[in-house]
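Trainee: What follows is work.cif, made up of mmCIF, C-alpha atoms:
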```cif
data_my_file
loop_
_atom_site.group_PDB
_atom_site.id
_atom_site.type_symbol
_atom_site.label_atom_id
_atom_site.label_comp_id
_atom_site.auth_asym_id
_atom_site.auth_seq_id
_atom_site.Cartn_x
_atom_site.Cartn_y
_atom_site.Cartn_z
ATOM 1 C CA MET O 1 130.353 50.471 171.801
ATOM 2 C CA ARG O 2 128.221 53.589 171.801
ATOM 3 C CA LEU O 3 129.620 56.502 169.817
ATOM 4 C CA LEU O 4 128.372 60.069 169.468
ATOM 5 C CA PHE O 5 129.660 62.550 166.911
ATOM 6 C CA LEU O 6 128.474 66.168 167.018
ATOM 7 C CA GLY O 7 128.823 68.644 164.151
ATOM 8 C CA ASP O 8 130.589 71.988 164.045
ATOM 9 C CA ILE O 9 130.197 74.080 167.202
ATOM 10 C CA VAL O 10 129.366 77.638 166.108
ATOM 11 C CA GLY O 11 130.018 80.332 168.701
ATOM 12 C CA ARG O 12 128.585 80.674 172.176
ATOM 13 C CA PRO O 13 125.154 79.139 171.410
ATOM 14 C CA GLY O 14 126.842 75.952 170.239
ATOM 15 C CA ARG O 15 129.256 75.883 173.171
ATOM 16 C CA ASN O 16 126.459 76.415 175.671
ATOM 17 C CA ALA O 17 124.384 73.620 174.134
ATOM 18 C CA VAL O 18 127.310 71.199 174.377
ATOM 19 C CA ILE O 19 128.309 72.200 177.904
ATOM 20 C CA GLU O 20 124.744 72.042 179.220
ATOM 21 C CA ARG O 21 123.574 68.859 177.494
ATOM 22 C CA LEU O 22 126.583 66.605 176.899
ATOM 23 C CA PRO O 23 127.262 65.502 180.505
ATOM 24 C CA GLY O 24 123.677 64.285 180.847
ATOM 25 C CA LEU O 25 123.726 62.554 177.465
ATOM 26 C CA ARG O 26 126.922 60.676 178.349
ATOM 27 C CA ASP O 27 125.210 59.242 181.407
ATOM 28 C CA ARG O 28 121.776 58.704 179.858
ATOM 29 C CA TRP O 29 123.074 56.933 176.759
ATOM 30 C CA ARG O 30 126.119 55.341 178.471
ATOM 31 C CA LEU O 31 128.405 56.695 175.762
ATOM 32 C CA ASP O 32 131.852 55.187 175.232
ATOM 33 C CA CYS O 33 133.242 57.940 173.007
ATOM 34 C CA VAL O 34 132.208 61.466 172.002
ATOM 35 C CA VAL O 35 133.885 63.398 169.175
ATOM 36 C CA ILE O 36 132.922 66.979 168.304
ATOM 37 C CA ASN O 37 134.016 69.279 165.491
ATOM 38 C CA GLY O 38 135.084 72.555 167.116
ATOM 39 C CA GLU O 39 136.488 74.606 164.257
ATOM 40 C CA ASN O 40 133.905 77.412 164.577
ATOM 41 C CA SER O 41 133.633 77.465 168.363
ATOM 42 C CA ALA O 42 135.481 80.755 168.973
ATOM 43 C CA GLY O 43 133.073 83.396 167.701
ATOM 44 C CA GLY O 44 132.505 81.324 164.568
ATOM 45 C CA PHE O 45 136.173 81.265 163.586
ATOM 46 C CA GLY O 46 138.627 78.706 164.965
ATOM 47 C CA ILE O 47 139.154 77.540 168.537
ATOM 48 C CA THR O 48 141.056 78.832 171.566
ATOM 49 C CA GLU O 49 142.798 76.797 174.242
ATOM 50 C CA ALA O 50 140.281 77.864 176.888
ATOM 51 C CA ILE O 51 137.365 76.772 174.688
ATOM 52 C CA CYS O 52 139.119 73.516 173.811
ATOM 53 C CA ASP O 53 139.568 72.727 177.506
ATOM 54 C CA GLU O 54 135.927 73.657 178.154
ATOM 55 C CA ILE O 55 134.617 71.249 175.495
ATOM 56 C CA LEU O 56 136.830 68.403 176.698
ATOM 57 C CA ALA O 57 135.733 69.009 180.297
ATOM 58 C CA ALA O 58 132.085 68.794 179.194
ATOM 59 C CA GLY O 59 132.651 65.224 178.018
ATOM 60 C CA ALA O 60 134.253 65.220 174.574
ATOM 61 C CA ASP O 61 136.969 62.608 174.049
ATOM 62 C CA ALA O 62 138.368 64.399 170.986
ATOM 63 C CA ILE O 63 137.826 67.591 168.999
ATOM 64 C CA THR O 64 138.294 67.854 165.242
ATOM 65 C CA LEU O 65 138.891 70.956 163.134
ATOM 66 C CA GLY O 66 138.846 71.952 159.445
ATOM 67 C CA ASN O 67 139.507 74.896 157.157
ATOM 68 C CA HIS O 68 139.233 77.357 160.077
ATOM 69 C CA SER O 69 141.892 75.514 162.095
ATOM 70 C CA TRP O 70 144.258 78.477 162.287
ATOM 71 C CA ASP O 71 141.819 81.418 162.514
ATOM 72 C CA GLN O 72 142.907 81.815 166.144
ATOM 73 C CA ARG O 73 146.686 82.152 165.948
ATOM 74 C CA GLU O 74 147.194 80.648 169.400
ATOM 75 C CA THR O 75 146.029 77.284 168.013
ATOM 76 C CA LEU O 76 149.332 76.979 166.152
ATOM 77 C CA VAL O 77 151.024 76.716 169.546
ATOM 78 C CA PHE O 78 148.693 74.908 171.944
ATOM 79 C CA ILE O 79 147.664 72.200 169.449
ATOM 80 C CA GLU O 80 151.141 70.719 169.909
ATOM 81 C CA ARG O 81 150.479 69.994 173.580
ATOM 82 C CA GLN O 82 146.846 68.905 173.213
ATOM 83 C CA PRO O 83 146.709 65.402 171.680
ATOM 84 C CA ARG O 84 142.897 65.331 171.715
ATOM 85 C CA LEU O 85 142.642 68.311 169.346
ATOM 86 C CA LEU O 86 143.039 67.192 165.726
ATOM 87 C CA ARG O 87 143.515 69.237 162.558
ATOM 88 C CA PRO O 88 143.089 67.740 159.043
ATOM 89 C CA VAL O 89 145.585 64.919 158.499
ATOM 90 C CA ASN O 90 146.279 65.984 154.904
ATOM 91 C CA PHE O 91 147.816 69.354 155.760
ATOM 92 C CA PRO O 92 151.378 69.492 154.398
ATOM 93 C CA PRO O 93 154.255 67.925 156.368
ATOM 94 C CA GLY O 94 155.520 70.269 159.080
ATOM 95 C CA THR O 95 152.078 71.656 159.948
ATOM 96 C CA PRO O 96 151.675 71.884 163.738
ATOM 97 C CA GLY O 97 149.587 69.278 165.499
ATOM 98 C CA ARG O 98 148.345 65.889 164.356
ATOM 99 C CA GLY O 99 145.534 64.704 162.112
ATOM 100 C CA ALA O 100 144.856 61.368 163.788
ATOM 101 C CA ASN O 101 145.198 59.901 167.251
ATOM 102 C CA LEU O 102 144.333 56.677 169.057
ATOM 103 C CA ILE O 103 142.252 57.915 171.975
ATOM 104 C CA ASP O 104 141.977 56.004 175.243
ATOM 105 C CA THR O 105 138.369 56.611 176.259
ATOM 106 C CA ARG O 106 136.869 56.726 179.741
ATOM 107 C CA SER O 107 135.350 53.279 179.217
ATOM 108 C CA GLY O 108 138.758 51.784 178.444
ATOM 109 C CA ALA O 109 138.162 51.407 174.709
ATOM 110 C CA ARG O 110 140.665 52.642 172.143
ATOM 111 C CA VAL O 111 139.203 54.781 169.359
ATOM 112 C CA LEU O 112 141.162 56.027 166.364
ATOM 113 C CA VAL O 113 139.917 59.488 165.405
ATOM 114 C CA VAL O 114 140.942 60.858 162.002
ATOM 115 C CA ASN O 115 140.249 64.374 160.714
ATOM 116 C CA VAL O 116 140.637 64.929 156.967
ATOM 117 C CA MET O 117 139.727 67.825 154.660
ATOM 118 C CA GLY O 118 138.267 67.504 151.181
ATOM 119 C CA ARG O 119 139.697 69.218 148.110
ATOM 120 C CA LEU O 120 136.625 70.033 145.980
ATOM 121 C CA TYR O 121 135.847 73.770 146.407
ATOM 122 C CA MET O 122 138.316 73.839 149.326
ATOM 123 C CA ASP O 123 142.032 74.578 149.717
ATOM 124 C CA PRO O 124 144.028 72.127 147.530
ATOM 125 C CA LEU O 125 145.624 70.018 150.263
ATOM 126 C CA ASP O 126 147.279 66.608 149.932
ATOM 127 C CA ASP O 127 145.192 63.650 148.711
ATOM 128 C CA PRO O 128 142.611 62.987 151.481
ATOM 129 C CA PHE O 129 142.003 59.380 150.413
ATOM 130 C CA ALA O 130 145.664 58.419 150.548
ATOM 131 C CA ALA O 131 146.126 60.259 153.845
ATOM 132 C CA VAL O 132 143.303 58.360 155.552
ATOM 133 C CA ASP O 133 144.472 55.068 154.045
ATOM 134 C CA ARG O 134 147.859 55.503 155.685
ATOM 135 C CA GLU O 135 146.301 56.052 159.111
ATOM 136 C CA LEU O 136 143.982 53.060 158.870
ATOM 137 C CA GLU O 137 146.745 50.769 157.616
ATOM 138 C CA THR O 138 148.851 51.456 160.709
ATOM 139 C CA CYS O 139 145.884 51.167 163.097
ATOM 140 C CA PRO O 140 143.376 48.662 161.680
ATOM 141 C CA LEU O 141 139.873 48.291 163.048
ATOM 142 C CA GLY O 142 139.352 45.294 165.298
ATOM 143 C CA GLN O 143 143.082 44.739 165.743
ATOM 144 C CA VAL O 144 144.544 47.936 167.189
ATOM 145 C CA ALA O 145 141.463 50.163 167.382
ATOM 146 C CA ASP O 146 138.149 49.130 168.949
ATOM 147 C CA ALA O 147 136.439 51.770 166.803
ATOM 148 C CA ILE O 148 137.467 54.238 164.095
ATOM 149 C CA ILE O 149 135.786 57.607 163.505
ATOM 150 C CA VAL O 150 136.659 59.661 160.401
ATOM 151 C CA ASP O 151 135.529 63.306 160.179
ATOM 152 C CA VAL O 152 135.511 64.354 156.500
ATOM 153 C CA HIS O 153 135.500 68.153 156.531
ATOM 154 C CA ALA O 154 134.415 68.888 152.971
ATOM 155 C CA GLU O 155 132.132 71.004 150.805
ATOM 156 C CA ALA O 156 131.079 68.467 148.183
ATOM 157 C CA THR O 157 128.676 65.677 149.126
ATOM 158 C CA SER O 158 130.100 63.549 146.312
ATOM 159 C CA GLU O 159 133.562 63.645 147.879
ATOM 160 C CA LYS O 160 132.147 62.693 151.286
ATOM 161 C CA GLU O 161 130.130 59.804 149.855
ATOM 162 C CA ALA O 162 133.119 58.561 147.899
ATOM 163 C CA MET O 163 135.166 58.564 151.116
ATOM 164 C CA GLY O 164 132.407 56.663 152.895
ATOM 165 C CA TYR O 165 132.370 53.861 150.350
ATOM 166 C CA HIS O 166 136.165 53.899 150.074
ATOM 167 C CA LEU O 167 136.413 53.192 153.812
ATOM 168 C CA ASP O 168 133.384 50.902 154.050
ATOM 169 C CA GLY O 169 134.286 47.920 156.212
ATOM 170 C CA ARG O 170 137.422 49.617 157.549
ATOM 171 C CA ALA O 171 135.921 52.318 159.789
ATOM 172 C CA SER O 172 133.115 52.413 162.329
ATOM 173 C CA LEU O 173 131.879 55.848 161.225
ATOM 174 C CA VAL O 174 132.572 58.196 158.331
ATOM 175 C CA VAL O 175 130.789 61.503 158.862
ATOM 176 C CA GLY O 176 130.880 64.789 157.007
ATOM 177 C CA THR O 177 131.221 68.236 158.536
ATOM 178 C CA HIS O 178 131.607 71.841 157.278
ATOM 179 C CA THR O 179 128.266 72.684 155.633
ATOM 180 C CA HIS O 180 126.381 73.077 158.971
ATOM 181 C CA VAL O 181 123.136 71.516 157.670
ATOM 182 C CA PRO O 182 122.247 68.005 158.908
ATOM 183 C CA THR O 183 121.533 65.551 156.107
ATOM 184 C CA ALA O 184 118.935 62.750 156.211
ATOM 185 C CA ASP O 185 121.134 60.026 154.678
ATOM 186 C CA HIS O 186 122.475 58.439 157.877
ATOM 187 C CA ARG O 187 122.780 54.706 157.308
ATOM 188 C CA VAL O 188 125.020 51.675 157.642
ATOM 189 C CA LEU O 189 126.852 50.996 154.374
ATOM 190 C CA PRO O 190 127.019 47.439 152.956
ATOM 191 C CA GLY O 191 130.415 46.748 154.527
ATOM 192 C CA GLY O 192 129.305 47.847 158.001
ATOM 193 C CA THR O 193 130.481 51.457 158.189
ATOM 194 C CA ALA O 194 128.042 54.053 159.531
ATOM 195 C CA TYR O 195 127.785 57.088 157.260
ATOM 196 C CA MET O 196 126.216 60.574 157.193
ATOM 197 C CA SER O 197 127.020 63.273 154.622
ATOM 198 C CA ASP O 198 126.870 66.102 157.152
ATOM 199 C CA ALA O 199 126.338 66.054 160.897
ATOM 200 C CA GLY O 200 125.004 69.614 160.904
ATOM 201 C CA MET O 201 126.102 72.099 163.542
ATOM 202 C CA CYS O 202 125.819 72.760 167.230
ATOM 203 C CA GLY O 203 124.551 76.309 167.161
ATOM 204 C CA ASP O 204 121.639 78.679 166.666
ATOM 205 C CA TYR O 205 119.584 77.443 163.692
ATOM 206 C CA ASP O 206 117.623 80.722 163.544
ATOM 207 C CA SER O 207 120.544 82.017 161.498
ATOM 208 C CA VAL O 208 122.478 81.592 158.275
ATOM 209 C CA LEU O 209 124.762 78.624 158.991
ATOM 210 C CA GLY O 210 125.032 79.728 162.605
ATOM 211 C CA MET O 211 125.717 83.389 161.843
ATOM 212 C CA GLN O 212 123.358 86.318 162.422
ATOM 213 C CA LYS O 213 121.028 86.678 159.441
ATOM 214 C CA GLU O 214 121.231 90.393 158.713
ATOM 215 C CA GLU O 215 124.847 90.668 157.599
ATOM 216 C CA ALA O 216 124.724 87.325 155.816
ATOM 217 C CA ILE O 217 121.712 88.439 153.784
ATOM 218 C CA ARG O 218 123.247 91.852 153.094
ATOM 219 C CA ARG O 219 126.324 90.225 151.583
ATOM 220 C CA PHE O 220 124.139 88.479 149.015
ATOM 221 C CA LEU O 221 122.248 91.683 148.210
ATOM 222 C CA GLN O 222 125.205 94.088 148.133
ATOM 223 C CA LYS O 223 128.730 93.306 147.028
ATOM 224 C CA THR O 224 130.292 95.889 149.330
ATOM 225 C CA PRO O 225 132.331 95.679 152.520
ATOM 226 C CA GLY O 226 130.300 95.251 155.673
ATOM 227 C CA THR O 227 130.594 94.236 159.279
ATOM 228 C CA ARG O 228 132.129 91.033 160.568
ATOM 229 C CA LEU O 229 129.897 87.971 160.621
ATOM 230 C CA GLU O 230 128.866 87.148 164.187
ATOM 231 C CA PRO O 231 127.310 83.970 165.590
ATOM 232 C CA GLY O 232 123.578 83.909 166.243
ATOM 233 C CA LEU O 233 122.312 84.898 169.670
ATOM 234 C CA GLY O 234 119.540 82.346 170.138
ATOM 235 C CA GLU O 235 119.479 78.995 171.901
ATOM 236 C CA GLY O 236 121.750 76.378 170.394
ATOM 237 C CA THR O 237 120.750 72.986 169.022
ATOM 238 C CA LEU O 238 122.900 69.846 169.163
ATOM 239 C CA SER O 239 123.207 68.055 165.812
ATOM 240 C CA GLY O 240 125.075 64.886 165.029
ATOM 241 C CA ILE O 241 124.952 61.124 164.711
ATOM 242 C CA ALA O 242 124.808 58.252 167.186
ATOM 243 C CA VAL O 243 126.325 54.867 166.350
ATOM 244 C CA GLU O 244 126.251 51.519 168.096
ATOM 245 C CA THR O 245 129.040 49.157 167.061
ATOM 246 C CA ASP O 246 129.649 45.444 167.320
ATOM 247 C CA ASP O 247 132.183 44.710 170.068
ATOM 248 C CA ARG O 248 133.869 41.994 168.029
ATOM 249 C CA THR O 249 134.341 43.748 164.692
ATOM 250 C CA GLY O 250 134.053 47.445 165.583
ATOM 251 C CA LEU O 251 131.628 47.917 162.677
ATOM 252 C CA ALA O 252 128.267 49.653 162.990
ATOM 253 C CA ARG O 253 125.114 47.813 164.001
ATOM 254 C CA ARG O 254 122.688 50.720 164.411
ATOM 255 C CA VAL O 255 122.734 54.413 163.607
ATOM 256 C CA ALA O 256 120.494 57.375 164.348
ATOM 257 C CA ALA O 257 120.483 61.113 163.749
ATOM 258 C CA VAL O 258 120.701 63.418 166.768
ATOM 259 C CA ARG O 259 118.961 66.805 166.871
ATOM 260 C CA LEU O 260 118.203 68.266 170.289
ATOM 261 C CA GLY O 261 117.063 71.867 170.675
ATOM 262 C CA PRO O 262 114.848 74.495 169.027
ATOM 263 C CA ASN O 263 114.089 75.229 165.352
ATOM 264 C CA LEU O 264 114.631 71.674 164.028
ATOM 265 C CA GLU O 265 112.479 68.616 164.625
ATOM 266 C CA GLU O 266 114.067 66.752 167.519
ATOM 267 C CA THR O 267 115.303 63.199 167.097
ATOM 268 C CA TRP O 268 117.619 60.900 169.021
ATOM 269 C CA PRO O 269 118.622 57.206 169.197
ATOM 270 C CA ARG O 270 115.453 55.757 170.673
ATOM 271 C CA PHE O 271 117.055 52.314 170.713
ATOM 272 C CA TRP O 272 119.154 53.605 173.660
ATOM 273 C CA ASP O 273 116.153 54.805 175.714
#
```
What does this structure look like when you write it as structure tokens?
Mentor:
Amino acid sequence: MRLLFLGDIVGRPGRNAVIERLPGLRDRWRLDCVVINGENSAGGFGITEAICDEILAAGADAITLGNHSWDQRETLVFIERQPRLLRPVNFPPGTPGRGANLIDTRSGARVLVVNVMGRLYMDPLDDPFAAVDRELETCPLGQVADAIIVDVHAEATSEKEAMGYHLDGRASLVVGTHTHVPTADHRVLPGGTAYMSDAGMCGDYDSVLGMQKEEAIRRFLQKTPGTRLEPGLGEGTLSGIAVETDDRTGLARRVAAVRLGPNLEETWPRFWD
């Protein structure tokens, strides 16, 4: 199987990059499943139903969220009727929506997508390790799921790496989101799980984490109230990770970073060209 995971969409530049590029990439790379983190897609804060539908129509099979899940209040309602939109699985019981789902992809494969949020320097949610364990125990790789993708939305690299090794051999891909900067540690772990500490963002990299530079800089220089942070206005770049799995086991065979657009050095899975 050929999997593509794209990092946090930040505002209109990120949405435009996904909408313009993803349909062509699905065809060019013959992708089986695409998962995108969309928690910053609505002006940098949360996601709306219209934007969710737009991203799915562009070719995403599932959208994950994170600590900005509820910044748009309407998400509390429409997430219940959109099974391809996932919020962190370790939110307390009774939280609207779902944190994991077995997705039937266009190619006919079944992919378990799990969204989980870390606890270091983040809101103290339920144990992320136990929460993911429960999902994988009920839907094991190679038996129920053809592939398993786990989005670890977390601040600390140590927590993401620990999750990667904890799930090694049980998931196709464990990838970090939230910090908006792509890391260079993409690899296949000893047990066969593809891993990357952070997929980066889909957004304007001539910015501070996707937001316009001026107000972000001012906040570091002056500890006074200012204007709302707004997404950058430049052209967006796609950032993420591409994984090729073994059809028999569902584990990773090859992995490559994806960066397509301005400001960063471009790279893509050349083994698919």
Trainee: Compile the contact shell of segment 21-37 of chain O as a list in words: residues with an atom at most 7 Å away, counting all atoms listed in the file, same-chain residues fewer than 4 positions apart removed.
Mentor: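 Within the cut-off, the hits are Met1, Arg2, Leu3, Leu4, Phe5, Leu6, Gly7, Asp8, Ile9, Ala17, Ala58, Gly59, Ala60, Asp61, Ala62, Ile63, Thr64, Leu65, Thr105, Arg106, Ser107 and Trp272 of chain O.
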Trainee: Pull C-alpha atoms from the residues just selected and write them as an mmCIF file, in the coordinates of the input.
Mentor:
```cif
data_model
loop_
_atom_site.group_PDB
_atom_site.id
_atom_site.type_symbol
_atom_site.label_atom_id
_atom_site.label_comp_id
_atom_site.auth_asym_id
_atom_site.auth_seq_id
_atom_site.Cartn_x
_atom_site.Cartn_y
_atom_site.Cartn_z
ATOM 1 C CA MET O 1 130.353 50.471 171.801
ATOM 2 C CA ARG O 2 128.221 53.589 171.801
ATOM 3 C CA LEU O 3 129.620 56.502 169.817
ATOM 4 C CA LEU O 4 128.372 60.069 169.468
ATOM 5 C CA PHE O 5 129.660 62.550 166.911
ATOM 6 C CA LEU O 6 128.474 66.168 167.018
ATOM 7 C CA GLY O 7 128.823 68.644 164.151
ATOM 8 C CA ASP O 8 130.589 71.988 164.045
ATOM 9 C CA ILE O 9 130.197 74.080 167.202
ATOM 10 C CA ALA O 17 124.384 73.620 174.134
ATOM 11 C CA ALA O 58 132.085 68.794 179.194
ATOM 12 C CA GLY O 59 132.651 65.224 178.018
ATOM 13 C CA ALA O 60 134.253 65.220 174.574
ATOM 14 C CA ASP O 61 136.969 62.608 174.049
ATOM 15 C CA ALA O 62 138.368 64.399 170.986
ATOM 16 C CA ILE O 63 137.826 67.591 168.999
ATOM 17 C CA THR O 64 138.294 67.854 165.242
ATOM 18 C CA LEU O 65 138.891 70.956 163.134
ATOM 19 C CA THR O 105 138.369 56.611 176.259
ATOM 20 C CA ARG O 106 136.869 56.726 179.741
ATOM 21 C CA SER O 107 135.350 53.279 179.217
ATOM 22 C CA TRP O 272 119.154 53.605 173.660
#
```
Trainee: Show which residues sit within 10 Å of Glu266 of chain O, as number ranges by chain. Count all atoms listed in the file, and ignore same-chain residues fewer than 5 positions away.
Mentor: O: 237-239, 257-261
Trainee: Neighbourhood query: residues within 9 Å of (122.7, 74.9, 165.1), file coordinates, counting only C-alpha atoms; return as a ChimeraX atom specification.
Mentor: /O:7-10,13-14,180-181,200-207,209-210,235-239,261-264
Trainee: Please measure the separation of atom CA of Asp198 of chain O and atom CA of Val175 of chain O, giving the value in Å to one decimal.
Mentor: 6.3 Å
Trainee: Counting all atoms listed in the file, which of O:Gly142, O:Pro124, O:Pro225, O:Pro231 gets nearest to Asn90 of chain O?
Mentor: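 Residue with the minimum atom-to-atom distance to Asn90 of chain O: O:Pro124.
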Trainee: Apply the PyMOL selection byres ((chain O and resi 182-192) around 6) to the structure shown and report the selected residues as a short mmCIF file (atom, residue, chain, number, x, y, z; two decimals) with C-alpha atoms, keeping the file's coordinate frame.
Mentor:
```
data_model
loop_
_atom_site.label_atom_id
_atom_site.label_comp_id
_atom_site.auth_asym_id
_atom_site.auth_seq_id
_atom_site.Cartn_x
_atom_site.Cartn_y
_atom_site.Cartn_z
CA ASP O 168 133.38 50.90 154.05
CA GLY O 169 134.29 47.92 156.21
CA VAL O 181 123.14 71.52 157.67
CA THR O 193 130.48 51.46 158.19
CA ALA O 194 128.04 54.05 159.53
CA TYR O 195 127.78 57.09 157.26
CA MET O 196 126.22 60.57 157.19
CA ASP O 198 126.87 66.10 157.15
CA ALA O 199 126.34 66.05 160.90
CA GLY O 200 125.00 69.61 160.90
CA LEU O 251 131.63 47.92 162.68
CA ALA O 252 128.27 49.65 162.99
#
```
Trainee: Set out as CSV a contact list for segment 77-170 of chain O and segment 242-250 of chain O with a cut-off of 12 Å, giving each residue of segment 77-170 of chain O that qualifies its closest atom pair and distance in Å to one decimal, counting only C-alpha atoms, ordered by chain and rising residue number.
Mentor:
```
residue,atom,partner,partner_atom,distance
O:Ala109,CA,O:Asp247,CA,10.1
O:Arg110,CA,O:Gly250,CA,10.7
O:Val111,CA,O:Gly250,CA,9.7
O:Leu112,CA,O:Gly250,CA,11.2
O:Pro140,CA,O:Gly250,CA,10.2
O:Leu141,CA,O:Gly250,CA,6.4
O:Gly142,CA,O:Thr249,CA,5.3
O:Gln143,CA,O:Thr249,CA,8.9
O:Val144,CA,O:Gly250,CA,10.6
O:Ala145,CA,O:Gly250,CA,8.1
O:Asp146,CA,O:Gly250,CA,5.6
O:Ala147,CA,O:Gly250,CA,5.1
O:Ile148,CA,O:Gly250,CA,7.7
O:Ile149,CA,O:Val243,CA,10.3
O:Gly169,CA,O:Gly250,CA,9.4
O:Arg170,CA,O:Gly250,CA,9.0
```
Trainee: If we count all atoms listed in the file, what is near Arg12 of chain O at a cut-off of 8 Å, once residues fewer than 4 positions away on the same chain are taken out, given as a list in words?
Mentor: Asn16, Ser41, Ala42, Gly43, Gly203, Pro231 and Leu233 of chain O
Trainee: Can you pull out the residues contacting Glu54 of chain O? Cut-off 10 Å, using only C-alpha atoms, and skip same-chain residues under 6 positions away; I want them as a ChimeraX atom specification.
Mentor: /O:15,18-19,48,60
Trainee: Just give me the gap between atom CA of Phe129 of chain O and atom CA of Glu39 of chain O in Å, one decimal is fine.
Mentor: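 Separation between atom CA of Phe129 of chain O and atom CA of Glu39 of chain O: 21.3 Å.
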Trainee: Rounded to one decimal place, report the atom CA of Arg87 of chain O-atom CA of Gly99 of chain O distance in Å.
Mentor: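 According to the coordinates, atom CA of Arg87 of chain O and atom CA of Gly99 of chain O are separated by 5.0 Å.
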Trainee: With 6 Å added on each side, what axis-aligned box encloses every listed atom of segment 254-272 of chain O? Give the centre and edge lengths in Å to one decimal, as JSON.
Mentor:
```
{"center_x": 117.6, "center_y": 63.0, "center_z": 168.6, "size_x": 22.3, "size_y": 36.5, "size_z": 22.1}
```
Trainee: Written as a list of chain:residue names, what is the full residue list that the PyMOL selection byres ((chain O and resi 128) around 8) yields on the file shown?
Mentor: O:Val89, O:Asn90, O:Val116, O:Met117, O:Gly118, O:Arg119, O:Leu125, O:Asp126, O:Asp127, O:Phe129, O:Ala130, O:Ala131, O:Val132
Trainee: List the spatial neighbours of His178 of chain O as a tab-separated table (two decimals) with C-alpha atoms, keeping the file's coordinate frame - criterion: any atom at most 7 Å away, all atoms listed in the file, same-chain residues fewer than 5 positions off excluded.
Mentor:
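Final file, part34.tsv:
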```tsv
chain	number	residue	atom	x	y	z
O	8	ASP	CA	130.59	71.99	164.04
O	153	HIS	CA	135.50	68.15	156.53
O	154	ALA	CA	134.42	68.89	152.97
O	155	GLU	CA	132.13	71.00	150.80
```
